[in-house]
file work-v1.pdb (PDB, C-alpha atoms)
ATOM      1  CA  MET X  20      41.600  -0.143 -14.217  1.00  0.00           C
ATOM      2  CA  PRO X  21      38.531   0.146 -16.477  1.00  0.00           C
ATOM      3  CA  GLY X  22      35.787   2.494 -15.390  1.00  0.00           C
ATOM      4  CA  VAL X  23      32.890   4.661 -16.502  1.00  0.00           C
ATOM      5  CA  LEU X  24      33.213   8.412 -17.039  1.00  0.00           C
ATOM      6  CA  LEU X  25      30.569  11.115 -16.653  1.00  0.00           C
ATOM      7  CA  GLY X  26      28.512  11.383 -19.824  1.00  0.00           C
ATOM      8  CA  ASP X  27      29.319   7.838 -20.959  1.00  0.00           C
ATOM      9  CA  ILE X  28      26.527   5.451 -21.831  1.00  0.00           C
ATOM     10  CA  PHE X  29      26.460   3.222 -18.762  1.00  0.00           C
ATOM     11  CA  PRO X  30      27.402  -0.353 -19.696  1.00  0.00           C
ATOM     12  CA  ASN X  31      24.533  -2.714 -20.231  1.00  0.00           C
ATOM     13  CA  PHE X  32      24.857  -6.183 -18.724  1.00  0.00           C
ATOM     14  CA  GLU X  33      22.925  -9.274 -17.745  1.00  0.00           C
ATOM     15  CA  ALA X  34      23.226 -10.463 -14.169  1.00  0.00           C
ATOM     16  CA  GLU X  35      21.677 -12.767 -11.611  1.00  0.00           C
ATOM     17  CA  THR X  36      19.943 -10.869  -8.832  1.00  0.00           C
ATOM     18  CA  THR X  37      17.618 -11.509  -5.917  1.00  0.00           C
ATOM     19  CA  ALA X  38      14.788 -10.601  -8.328  1.00  0.00           C
ATOM     20  CA  GLY X  39      15.959 -13.041 -11.031  1.00  0.00           C
ATOM     21  CA  THR X  40      18.032 -12.467 -14.163  1.00  0.00           C
ATOM     22  CA  ILE X  41      17.986  -8.867 -15.362  1.00  0.00           C
ATOM     23  CA  ASN X  42      19.152  -6.894 -18.354  1.00  0.00           C
ATOM     24  CA  PHE X  43      20.313  -3.676 -16.719  1.00  0.00           C
ATOM     25  CA  HIS X  44      19.031  -1.205 -19.323  1.00  0.00           C
ATOM     26  CA  ASP X  45      15.684  -3.013 -19.468  1.00  0.00           C
ATOM     27  CA  PHE X  46      15.531  -2.920 -15.668  1.00  0.00           C
ATOM     28  CA  LEU X  47      15.952   0.869 -15.704  1.00  0.00           C
ATOM     29  CA  GLY X  48      13.472   1.463 -18.519  1.00  0.00           C
ATOM     30  CA  ASP X  49      12.787   5.206 -18.741  1.00  0.00           C
ATOM     31  CA  CYS X  50      13.622   5.819 -15.083  1.00  0.00           C
ATOM     32  CA  TRP X  51      16.640   7.272 -13.353  1.00  0.00           C
ATOM     33  CA  GLY X  52      18.817   4.666 -11.655  1.00  0.00           C
ATOM     34  CA  VAL X  53      21.099   4.367  -8.639  1.00  0.00           C
ATOM     35  CA  LEU X  54      23.537   1.443  -8.629  1.00  0.00           C
ATOM     36  CA  PHE X  55      25.495   1.096  -5.403  1.00  0.00           C
ATOM     37  CA  SER X  56      28.124  -1.558  -4.708  1.00  0.00           C
ATOM     38  CA  HIS X  57      29.250  -3.307  -1.534  1.00  0.00           C
ATOM     39  CA  PRO X  58      32.426  -5.195  -0.507  1.00  0.00           C
ATOM     40  CA  ARG X  59      30.520  -8.337   0.461  1.00  0.00           C
ATOM     41  CA  ASP X  60      27.532  -9.837   2.278  1.00  0.00           C
ATOM     42  CA  PHE X  61      27.217 -10.236   6.054  1.00  0.00           C
ATOM     43  CA  THR X  62      29.521  -7.305   6.797  1.00  0.00           C
ATOM     44  CA  PRO X  63      28.687  -4.546   9.299  1.00  0.00           C
ATOM     45  CA  VAL X  64      28.967  -1.311   7.311  1.00  0.00           C
ATOM     46  CA  CYS X  65      27.190  -2.793   4.286  1.00  0.00           C
ATOM     47  CA  THR X  66      24.304  -3.982   6.453  1.00  0.00           C
ATOM     48  CA  THR X  67      23.741  -0.477   7.826  1.00  0.00           C
ATOM     49  CA  GLU X  68      23.902   1.011   4.321  1.00  0.00           C
ATOM     50  CA  LEU X  69      21.389  -1.365   2.784  1.00  0.00           C
ATOM     51  CA  GLY X  70      19.129  -0.827   5.775  1.00  0.00           C
ATOM     52  CA  ARG X  71      19.181   2.950   5.263  1.00  0.00           C
ATOM     53  CA  ALA X  72      18.704   2.594   1.514  1.00  0.00           C
ATOM     54  CA  ALA X  73      15.620   0.458   2.166  1.00  0.00           C
ATOM     55  CA  GLN X  74      14.222   3.077   4.564  1.00  0.00           C
ATOM     56  CA  LEU X  75      14.642   5.809   1.942  1.00  0.00           C
ATOM     57  CA  SER X  76      13.363   3.756  -0.985  1.00  0.00           C
ATOM     58  CA  PRO X  77       9.914   5.463  -0.997  1.00  0.00           C
ATOM     59  CA  GLU X  78      11.687   8.811  -1.456  1.00  0.00           C
ATOM     60  CA  PHE X  79      13.671   7.483  -4.411  1.00  0.00           C
ATOM     61  CA  HIS X  80      10.548   5.884  -5.904  1.00  0.00           C
ATOM     62  CA  GLN X  81       8.735   9.217  -5.635  1.00  0.00           C
ATOM     63  CA  ARG X  82      11.492  10.719  -7.798  1.00  0.00           C
ATOM     64  CA  ASP X  83      11.171   7.947 -10.412  1.00  0.00           C
ATOM     65  CA  VAL X  84      14.500   6.412  -9.403  1.00  0.00           C
ATOM     66  CA  LYS X  85      15.136   2.663  -9.486  1.00  0.00           C
ATOM     67  CA  MET X  86      17.659   1.420  -6.937  1.00  0.00           C
ATOM     68  CA  ILE X  87      19.823  -1.677  -7.283  1.00  0.00           C
ATOM     69  CA  ALA X  88      22.705  -2.927  -5.137  1.00  0.00           C
ATOM     70  CA  LEU X  89      25.706  -5.097  -6.024  1.00  0.00           C
ATOM     71  CA  SER X  90      27.808  -7.394  -3.863  1.00  0.00           C
ATOM     72  CA  ILE X  91      30.322 -10.059  -4.843  1.00  0.00           C
ATOM     73  CA  ASP X  92      28.542 -12.953  -3.137  1.00  0.00           C
ATOM     74  CA  SER X  93      25.906 -15.323  -4.518  1.00  0.00           C
ATOM     75  CA  VAL X  94      22.171 -14.748  -4.810  1.00  0.00           C
ATOM     76  CA  GLU X  95      21.661 -17.400  -2.108  1.00  0.00           C
ATOM     77  CA  ASP X  96      23.944 -15.441   0.240  1.00  0.00           C
ATOM     78  CA  HIS X  97      22.159 -12.211  -0.675  1.00  0.00           C
ATOM     79  CA  ARG X  98      18.829 -13.725   0.359  1.00  0.00           C
ATOM     80  CA  GLY X  99      20.208 -14.891   3.685  1.00  0.00           C
ATOM     81  CA  TRP X 100      21.806 -11.495   4.259  1.00  0.00           C
ATOM     82  CA  THR X 101      18.504  -9.781   3.495  1.00  0.00           C
ATOM     83  CA  GLU X 102      17.039 -11.368   6.631  1.00  0.00           C
ATOM     84  CA  ASP X 103      19.752  -9.685   8.715  1.00  0.00           C
ATOM     85  CA  ILE X 104      19.126  -6.338   7.023  1.00  0.00           C
ATOM     86  CA  ILE X 105      15.391  -6.606   7.698  1.00  0.00           C
ATOM     87  CA  SER X 106      16.143  -7.404  11.352  1.00  0.00           C
ATOM     88  CA  TYR X 107      18.573  -4.459  11.565  1.00  0.00           C
ATOM     89  CA  ASN X 108      15.714  -2.203  10.418  1.00  0.00           C
ATOM     90  CA  ASN X 109      13.468  -3.722  13.119  1.00  0.00           C
ATOM     91  CA  GLU X 110      11.002  -4.934  10.507  1.00  0.00           C
ATOM     92  CA  GLU X 111       8.972  -8.115  10.602  1.00  0.00           C
ATOM     93  CA  PRO X 112      10.676 -11.356   9.475  1.00  0.00           C
ATOM     94  CA  GLY X 113       9.714 -12.303   5.947  1.00  0.00           C
ATOM     95  CA  CYS X 114       9.803  -8.769   4.576  1.00  0.00           C
ATOM     96  CA  SER X 115      11.823  -8.219   1.416  1.00  0.00           C
ATOM     97  CA  LEU X 116      14.126  -5.437   0.344  1.00  0.00           C
ATOM     98  CA  PRO X 117      12.481  -2.933  -2.017  1.00  0.00           C
ATOM     99  CA  PHE X 118      15.287  -3.319  -4.573  1.00  0.00           C
ATOM    100  CA  PRO X 119      17.337  -6.213  -5.991  1.00  0.00           C
ATOM    101  CA  ILE X 120      20.928  -7.126  -5.152  1.00  0.00           C
ATOM    102  CA  ILE X 121      23.200  -8.165  -8.033  1.00  0.00           C
ATOM    103  CA  ALA X 122      25.478 -11.184  -7.577  1.00  0.00           C
ATOM    104  CA  ASP X 123      29.027 -10.633  -8.867  1.00  0.00           C
ATOM    105  CA  PRO X 124      30.939 -13.684  -7.537  1.00  0.00           C
ATOM    106  CA  LYS X 125      33.740 -13.431 -10.144  1.00  0.00           C
ATOM    107  CA  ARG X 126      34.097  -9.662  -9.635  1.00  0.00           C
ATOM    108  CA  GLU X 127      33.560  -9.204 -13.375  1.00  0.00           C
ATOM    109  CA  LEU X 128      31.230  -6.203 -13.037  1.00  0.00           C
ATOM    110  CA  ALA X 129      33.350  -4.732 -10.249  1.00  0.00           C
ATOM    111  CA  LEU X 130      36.404  -4.862 -12.538  1.00  0.00           C
ATOM    112  CA  GLN X 131      34.565  -3.553 -15.609  1.00  0.00           C
ATOM    113  CA  MET X 132      33.256  -0.511 -13.751  1.00  0.00           C
ATOM    114  CA  GLY X 133      36.378   0.315 -11.742  1.00  0.00           C
ATOM    115  CA  MET X 134      34.879  -0.664  -8.385  1.00  0.00           C
ATOM    116  CA  LEU X 135      37.815  -2.508  -6.785  1.00  0.00           C
ATOM    117  CA  ASP X 136      39.578  -1.069  -3.717  1.00  0.00           C
ATOM    118  CA  PRO X 137      43.275  -2.041  -3.941  1.00  0.00           C
ATOM    119  CA  ASP X 138      43.995  -1.097  -0.315  1.00  0.00           C
ATOM    120  CA  GLU X 139      41.346  -3.361   1.246  1.00  0.00           C
ATOM    121  CA  LYS X 140      41.657  -7.112   0.698  1.00  0.00           C
ATOM    122  CA  ASP X 141      39.675 -10.151   1.810  1.00  0.00           C
ATOM    123  CA  LYS X 142      41.085 -13.203   3.622  1.00  0.00           C
ATOM    124  CA  ASP X 143      42.296 -14.616   0.280  1.00  0.00           C
ATOM    125  CA  GLY X 144      44.171 -11.424  -0.600  1.00  0.00           C
ATOM    126  CA  MET X 145      41.641 -10.349  -3.238  1.00  0.00           C
ATOM    127  CA  PRO X 146      40.771  -6.632  -3.486  1.00  0.00           C
ATOM    128  CA  LEU X 147      37.380  -5.809  -2.006  1.00  0.00           C
ATOM    129  CA  THR X 148      34.689  -4.097  -4.027  1.00  0.00           C
ATOM    130  CA  ALA X 149      34.672  -0.409  -3.098  1.00  0.00           C
ATOM    131  CA  ARG X 150      31.520   1.518  -2.203  1.00  0.00           C
ATOM    132  CA  CYS X 151      30.611   3.040  -5.563  1.00  0.00           C
ATOM    133  CA  VAL X 152      27.521   5.091  -6.301  1.00  0.00           C
ATOM    134  CA  PHE X 153      26.483   5.496  -9.928  1.00  0.00           C
ATOM    135  CA  ILE X 154      23.512   7.685 -10.829  1.00  0.00           C
ATOM    136  CA  ILE X 155      22.255   7.026 -14.342  1.00  0.00           C
ATOM    137  CA  GLY X 156      19.808   9.233 -16.252  1.00  0.00           C
ATOM    138  CA  PRO X 157      16.848   8.088 -18.359  1.00  0.00           C
ATOM    139  CA  ASP X 158      19.145   8.448 -21.380  1.00  0.00           C
ATOM    140  CA  LYS X 159      21.351   5.701 -19.822  1.00  0.00           C
ATOM    141  CA  ARG X 160      24.256   8.139 -19.435  1.00  0.00           C
ATOM    142  CA  LEU X 161      26.256   8.389 -16.221  1.00  0.00           C
ATOM    143  CA  LYS X 162      25.269  11.604 -14.430  1.00  0.00           C
ATOM    144  CA  LEU X 163      27.272  11.207 -11.207  1.00  0.00           C
ATOM    145  CA  SER X 164      29.724   8.807  -9.587  1.00  0.00           C
ATOM    146  CA  ILE X 165      31.010   8.757  -6.028  1.00  0.00           C
ATOM    147  CA  LEU X 166      33.687   6.307  -4.893  1.00  0.00           C
ATOM    148  CA  TYR X 167      34.134   5.535  -1.202  1.00  0.00           C
ATOM    149  CA  PRO X 168      36.729   3.148   0.224  1.00  0.00           C
ATOM    150  CA  ALA X 169      35.433  -0.086   1.705  1.00  0.00           C
ATOM    151  CA  THR X 170      35.945   1.279   5.233  1.00  0.00           C
ATOM    152  CA  THR X 171      33.661   4.331   4.896  1.00  0.00           C
ATOM    153  CA  GLY X 172      29.860   4.103   4.879  1.00  0.00           C
ATOM    154  CA  ARG X 173      27.854   6.324   2.555  1.00  0.00           C
ATOM    155  CA  ASN X 174      25.283   9.006   3.365  1.00  0.00           C
ATOM    156  CA  PHE X 175      22.107   8.084   1.498  1.00  0.00           C
ATOM    157  CA  ASP X 176      20.426  11.357   2.441  1.00  0.00           C
ATOM    158  CA  GLU X 177      23.197  13.062   0.452  1.00  0.00           C
ATOM    159  CA  ILE X 178      22.608  10.717  -2.493  1.00  0.00           C
ATOM    160  CA  LEU X 179      18.924  11.675  -2.412  1.00  0.00           C
ATOM    161  CA  ARG X 180      19.878  15.379  -2.323  1.00  0.00           C
ATOM    162  CA  VAL X 181      22.149  14.860  -5.329  1.00  0.00           C
ATOM    163  CA  VAL X 182      19.291  13.211  -7.243  1.00  0.00           C
ATOM    164  CA  ASP X 183      17.141  16.282  -6.536  1.00  0.00           C
ATOM    165  CA  SER X 184      19.886  18.553  -7.880  1.00  0.00           C
ATOM    166  CA  LEU X 185      20.496  16.432 -10.982  1.00  0.00           C
ATOM    167  CA  GLN X 186      16.812  16.275 -11.844  1.00  0.00           C
ATOM    168  CA  LEU X 187      16.278  19.992 -11.240  1.00  0.00           C
ATOM    169  CA  THR X 188      19.272  21.053 -13.329  1.00  0.00           C
ATOM    170  CA  ALA X 189      18.302  18.616 -16.111  1.00  0.00           C
ATOM    171  CA  ARG X 190      14.932  20.385 -16.405  1.00  0.00           C
ATOM    172  CA  ASN X 191      16.097  23.977 -15.908  1.00  0.00           C
ATOM    173  CA  ARG X 192      19.124  26.083 -16.884  1.00  0.00           C
ATOM    174  CA  VAL X 193      20.326  26.491 -13.305  1.00  0.00           C
ATOM    175  CA  ALA X 194      23.044  25.198 -10.984  1.00  0.00           C
ATOM    176  CA  THR X 195      22.820  24.381  -7.283  1.00  0.00           C
ATOM    177  CA  PRO X 196      25.269  25.997  -4.825  1.00  0.00           C
ATOM    178  CA  VAL X 197      27.066  24.467  -1.886  1.00  0.00           C
ATOM    179  CA  ASP X 198      24.805  22.721   0.657  1.00  0.00           C
ATOM    180  CA  TRP X 199      21.748  23.366  -1.532  1.00  0.00           C
ATOM    181  CA  LYS X 200      18.502  21.673  -0.498  1.00  0.00           C
ATOM    182  CA  PRO X 201      15.178  21.546  -2.364  1.00  0.00           C
ATOM    183  CA  GLY X 202      13.435  24.893  -2.003  1.00  0.00           C
ATOM    184  CA  ASP X 203      16.646  26.890  -1.590  1.00  0.00           C
ATOM    185  CA  ARG X 204      17.576  29.506  -4.171  1.00  0.00           C
ATOM    186  CA  VAL X 205      19.657  28.335  -7.116  1.00  0.00           C
ATOM    187  CA  MET X 206      22.401  29.887  -9.230  1.00  0.00           C
ATOM    188  CA  VAL X 207      22.345  31.275 -12.749  1.00  0.00           C
ATOM    189  CA  PRO X 208      25.228  29.760 -14.767  1.00  0.00           C
ATOM    190  CA  PRO X 209      27.814  32.179 -16.226  1.00  0.00           C
ATOM    191  CA  SER X 210      26.944  30.991 -19.753  1.00  0.00           C
ATOM    192  CA  ILE X 211      23.579  32.808 -19.544  1.00  0.00           C
ATOM    193  CA  SER X 212      23.692  36.505 -20.394  1.00  0.00           C
ATOM    194  CA  GLU X 213      22.020  39.055 -18.139  1.00  0.00           C
ATOM    195  CA  GLU X 214      19.417  39.719 -20.825  1.00  0.00           C
ATOM    196  CA  ASP X 215      18.570  36.027 -21.182  1.00  0.00           C
ATOM    197  CA  ALA X 216      18.561  35.578 -17.396  1.00  0.00           C
ATOM    198  CA  ALA X 217      15.951  38.328 -17.018  1.00  0.00           C
ATOM    199  CA  ALA X 218      13.709  36.513 -19.513  1.00  0.00           C
ATOM    200  CA  LEU X 219      14.338  33.018 -18.168  1.00  0.00           C
ATOM    201  CA  PHE X 220      13.804  33.826 -14.490  1.00  0.00           C
ATOM    202  CA  PRO X 221      10.753  36.063 -14.002  1.00  0.00           C
ATOM    203  CA  ALA X 222      11.132  35.783 -10.209  1.00  0.00           C
ATOM    204  CA  GLY X 223      14.189  37.987 -10.605  1.00  0.00           C
ATOM    205  CA  VAL X 224      17.954  37.546 -10.429  1.00  0.00           C
ATOM    206  CA  TYR X 225      20.008  38.766  -7.468  1.00  0.00           C
ATOM    207  CA  THR X 226      23.692  39.472  -8.160  1.00  0.00           C
ATOM    208  CA  LYS X 227      26.123  39.658  -5.265  1.00  0.00           C
ATOM    209  CA  GLU X 228      28.646  42.464  -5.571  1.00  0.00           C
ATOM    210  CA  LEU X 229      32.251  41.260  -5.350  1.00  0.00           C
ATOM    211  CA  PRO X 230      35.628  43.013  -5.008  1.00  0.00           C
ATOM    212  CA  SER X 231      36.608  41.854  -8.510  1.00  0.00           C
ATOM    213  CA  GLY X 232      33.615  43.668  -9.967  1.00  0.00           C
ATOM    214  CA  ARG X 233      32.681  40.531 -11.869  1.00  0.00           C
ATOM    215  CA  ARG X 234      28.978  39.712 -11.793  1.00  0.00           C
ATOM    216  CA  TYR X 235      29.123  35.942 -11.669  1.00  0.00           C
ATOM    217  CA  LEU X 236      27.443  35.154  -8.323  1.00  0.00           C
ATOM    218  CA  ARG X 237      23.852  35.299  -9.519  1.00  0.00           C
ATOM    219  CA  TYR X 238      20.923  33.738  -7.655  1.00  0.00           C
ATOM    220  CA  THR X 239      17.274  33.172  -8.400  1.00  0.00           C
ATOM    221  CA  ALA X 240      14.370  31.327  -6.814  1.00  0.00           C
ATOM    222  CA  GLN X 241      14.181  27.608  -7.495  1.00  0.00           C
ATOM    223  CA  PRO X 242      12.048  27.100 -10.653  1.00  0.00           C
TER     224      PRO X 242
END

call {"tool": "encode", "arguments": {"input": "work-v1.pdb", "output": "structure tokens"}}
result
Amino acid sequence: MPGVLLGDIFPNFEAETTAGTINFHDFLGDCWGVLFSHPRDFTPVCTTELGRAAQLSPEFHQRDVKMIALSIDSVEDHRGWTEDIISYNNEEPGCSLPFPIIADPKRELALQMGMLDPDEKDKDGMPLTARCVFIIGPDKRLKLSILYPATTGRNFDEILRVVDSLQLTARNRVATPVDWKPGDRVMVPPSISEEDAAALFPAGVYTKELPSGRRYLRYTAQP
């Protein structure tokens, strides 16, 4: 099945959305992007996901990230579904989602980007669109992809945390350890010599002693 690999230029495409026809690269502009797909409209897990994404949209906007969803149904269905999502979030009728939803009724984009879940099928026996997350950098290259089966809802707080890590490590020569959160200490990559690390990180570098004697667990304050 076709797909997109880390570091690839993310495919450009034109599509109908709830915000009109878009050219994807033009839509992103110089921003980061998060494209997240859904099996179909008016389904329970998808409704909760889009509701949570809408709640967190100010946080993504603050990080210069444009969000856009994809589902296989029509724009008309997307607009009707939006009313349910707004109600799920206990917001006033007539509100709109803070991001567009792409229509992919022929599953063309889902196939091109490797989004189909072969184990979950609709009433017609067609594979459902899996829950993909693609994070795209301002250079239009794929920085991260996560693929969930149709039966498992995503954690959008984790997606936001990943954006923080990607943006931090794009600006600085550091890595983020397990369960890292903004403000936690970060790691010095093994490719940086001790001499260069001392110059790069004036806050100091702490090295944890290990039985192997190898000095590869190095930490410093978040730049």

call {"tool": "atom_distance", "arguments": {"input": "work-v1.pdb", "atom1": "CA of Glu213 in chain X", "atom2": "CA of Gly232 in chain X"}}
result
14.9 Å

call {"tool": "closest_atom_pairs", "arguments": {"input": "work-v1.pdb", "of": "range 77-189 of chain X", "to": "range 57-67 of chain X", "cutoff": "8 Å", "atoms": "all atoms listed in the file", "output": "JSON lines"}}
result
{"residue": "X:Ala88", "atom": "CA", "partner": "X:His57", "partner_atom": "CA", "distance": 7.5}
{"residue": "X:Leu89", "atom": "CA", "partner": "X:His57", "partner_atom": "CA", "distance": 6.0}
{"residue": "X:Ser90", "atom": "CA", "partner": "X:His57", "partner_atom": "CA", "distance": 4.9}
{"residue": "X:Ile91", "atom": "CA", "partner": "X:Arg59", "partner_atom": "CA", "distance": 5.6}
{"residue": "X:Asp92", "atom": "CA", "partner": "X:Arg59", "partner_atom": "CA", "distance": 6.2}
{"residue": "X:Asp96", "atom": "CA", "partner": "X:Asp60", "partner_atom": "CA", "distance": 7.0}
{"residue": "X:His97", "atom": "CA", "partner": "X:Asp60", "partner_atom": "CA", "distance": 6.6}
{"residue": "X:Trp100", "atom": "CA", "partner": "X:Phe61", "partner_atom": "CA", "distance": 5.8}
{"residue": "X:Asp103", "atom": "CA", "partner": "X:Thr66", "partner_atom": "CA", "distance": 7.6}
{"residue": "X:Ile104", "atom": "CA", "partner": "X:Thr66", "partner_atom": "CA", "distance": 5.7}
{"residue": "X:Tyr107", "atom": "CA", "partner": "X:Thr67", "partner_atom": "CA", "distance": 7.5}
{"residue": "X:Leu147", "atom": "CA", "partner": "X:Pro58", "partner_atom": "CA", "distance": 5.2}
{"residue": "X:Thr148", "atom": "CA", "partner": "X:Pro58", "partner_atom": "CA", "distance": 4.3}
{"residue": "X:Ala149", "atom": "CA", "partner": "X:Pro58", "partner_atom": "CA", "distance": 5.9}
{"residue": "X:Arg150", "atom": "CA", "partner": "X:His57", "partner_atom": "CA", "distance": 5.4}
{"residue": "X:Cys151", "atom": "CA", "partner": "X:His57", "partner_atom": "CA", "distance": 7.6}
{"residue": "X:Ala169", "atom": "CA", "partner": "X:Pro58", "partner_atom": "CA", "distance": 6.3}
{"residue": "X:Thr170", "atom": "CA", "partner": "X:Val64", "partner_atom": "CA", "distance": 7.7}
{"residue": "X:Thr171", "atom": "CA", "partner": "X:Val64", "partner_atom": "CA", "distance": 7.7}
{"residue": "X:Gly172", "atom": "CA", "partner": "X:Val64", "partner_atom": "CA", "distance": 6.0}

call {"tool": "write_last_selection", "arguments": {"input": "work-v1.pdb", "atoms": "C-alpha atoms", "output": "PDB file, in the coordinates of the input"}}
result
ATOM      1  CA  ALA X  88      22.705  -2.927  -5.137  1.00  0.00           C
ATOM      2  CA  LEU X  89      25.706  -5.097  -6.024  1.00  0.00           C
ATOM      3  CA  SER X  90      27.808  -7.394  -3.863  1.00  0.00           C
ATOM      4  CA  ILE X  91      30.322 -10.059  -4.843  1.00  0.00           C
ATOM      5  CA  ASP X  92      28.542 -12.953  -3.137  1.00  0.00           C
ATOM      6  CA  ASP X  96      23.944 -15.441   0.240  1.00  0.00           C
ATOM      7  CA  HIS X  97      22.159 -12.211  -0.675  1.00  0.00           C
ATOM      8  CA  TRP X 100      21.806 -11.495   4.259  1.00  0.00           C
ATOM      9  CA  ASP X 103      19.752  -9.685   8.715  1.00  0.00           C
ATOM     10  CA  ILE X 104      19.126  -6.338   7.023  1.00  0.00           C
ATOM     11  CA  TYR X 107      18.573  -4.459  11.565  1.00  0.00           C
ATOM     12  CA  LEU X 147      37.380  -5.809  -2.006  1.00  0.00           C
ATOM     13  CA  THR X 148      34.689  -4.097  -4.027  1.00  0.00           C
ATOM     14  CA  ALA X 149      34.672  -0.409  -3.098  1.00  0.00           C
ATOM     15  CA  ARG X 150      31.520   1.518  -2.203  1.00  0.00           C
ATOM     16  CA  CYS X 151      30.611   3.040  -5.563  1.00  0.00           C
ATOM     17  CA  ALA X 169      35.433  -0.086   1.705  1.00  0.00           C
ATOM     18  CA  THR X 170      35.945   1.279   5.233  1.00  0.00           C
ATOM     19  CA  THR X 171      33.661   4.331   4.896  1.00  0.00           C
ATOM     20  CA  GLY X 172      29.860   4.103   4.879  1.00  0.00           C
TER      21      GLY X 172
END

call {"tool": "resolve_selection", "arguments": {"input": "work-v1.pdb", "expression": "the PyMOL selection byres ((chain X and resi 188) around 12)", "output": "list in words"}}
result
Lys162, Val181, Val182, Asp183, Ser184, Leu185, Gln186, Leu187, Ala189, Arg190, Asn191, Arg192, Val193, Ala194, Thr195, Pro196, Pro201, Val205, Met206, Val207, Pro208, Gln241 and Pro242 of chain X

call {"tool": "atom_distance", "arguments": {"input": "work-v1.pdb", "atom1": "CA of Phe118 in chain X", "atom2": "CA of Ala73 in chain X"}}
result
7.7 Å

call {"tool": "resolve_selection", "arguments": {"input": "work-v1.pdb", "expression": "the PyMOL selection byres ((chain X and resi 33) around 7)", "output": "ChimeraX atom specification"}}
result
/X:32,34,40-43

call {"tool": "atom_distance", "arguments": {"input": "work-v1.pdb", "atom1": "CA of Leu229 in chain X", "atom2": "CA of Gly202 in chain X"}}
result
25.2 Å

call {"tool": "residues_around", "arguments": {"input": "work-v1.pdb", "residues": "Pro112 in chain X", "least_positions_apart": "4", "cutoff": "10 Å", "atoms": "all atoms listed in the file", "output": "list in words"}}
result
Thr101, Glu102, Asp103, Ile105 and Ser106 of chain X

call {"tool": "residues_around", "arguments": {"input": "work-v1.pdb", "residues": "His80 in chain X", "least_positions_apart": "6", "cutoff": "10 Å", "atoms": "all atoms listed in the file", "output": "ChimeraX atom specification"}}
result
/X:50-51,86,117

call {"tool": "write_last_selection", "arguments": {"input": "work-v1.pdb", "atoms": "C-alpha atoms", "output": "PDB file, in the frame of the given file"}}
result
ATOM      1  CA  CYS X  50      13.622   5.819 -15.083  1.00  0.00           C
ATOM      2  CA  TRP X  51      16.640   7.272 -13.353  1.00  0.00           C
ATOM      3  CA  MET X  86      17.659   1.420  -6.937  1.00  0.00           C
ATOM      4  CA  PRO X 117      12.481  -2.933  -2.017  1.00  0.00           C
TER       5      PRO X 117
END

call {"tool": "closest_residue", "arguments": {"input": "work-v1.pdb", "among": "X:Gly26, X:Phe175, X:Met132, X:Arg233", "to": "Leu69 in chain X", "atoms": "only C-alpha atoms"}}
result
X:Phe175

call {"tool": "decode", "arguments": {"input": "work-v1.pdb", "residues": "range 67-87 of chain X", "atoms": "C-alpha atoms", "output": "compact mmCIF listing (two decimals), in the first residue's frame"}}
result
# COMPACT_ATOMS: atom_id res chain seq x y z
CA THR X 67 -14.99 12.49 20.60
CA GLU X 68 -11.67 12.98 18.80
CA LEU X 69 -12.78 15.97 16.75
CA GLY X 70 -14.35 17.45 19.87
CA ARG X 71 -11.05 17.20 21.77
CA ALA X 72 -9.08 18.52 18.81
CA ALA X 73 -11.38 21.55 18.70
CA GLN X 74 -10.88 22.16 22.43
CA LEU X 75 -7.09 22.10 22.01
CA SER X 76 -7.02 24.17 18.82
CA PRO X 77 -5.91 27.38 20.63
CA GLU X 78 -2.86 25.48 21.92
CA PHE X 79 -1.96 24.32 18.42
CA HIS X 80 -2.53 27.82 17.02
CA GLN X 81 -0.20 29.24 19.66
CA ARG X 82 2.50 26.91 18.31
CA ASP X 83 1.89 28.04 14.70
CA VAL X 84 0.30 24.71 13.78
CA LYS X 85 -2.56 24.42 11.29
CA MET X 86 -4.92 21.51 11.90
CA ILE X 87 -7.00 19.75 9.27
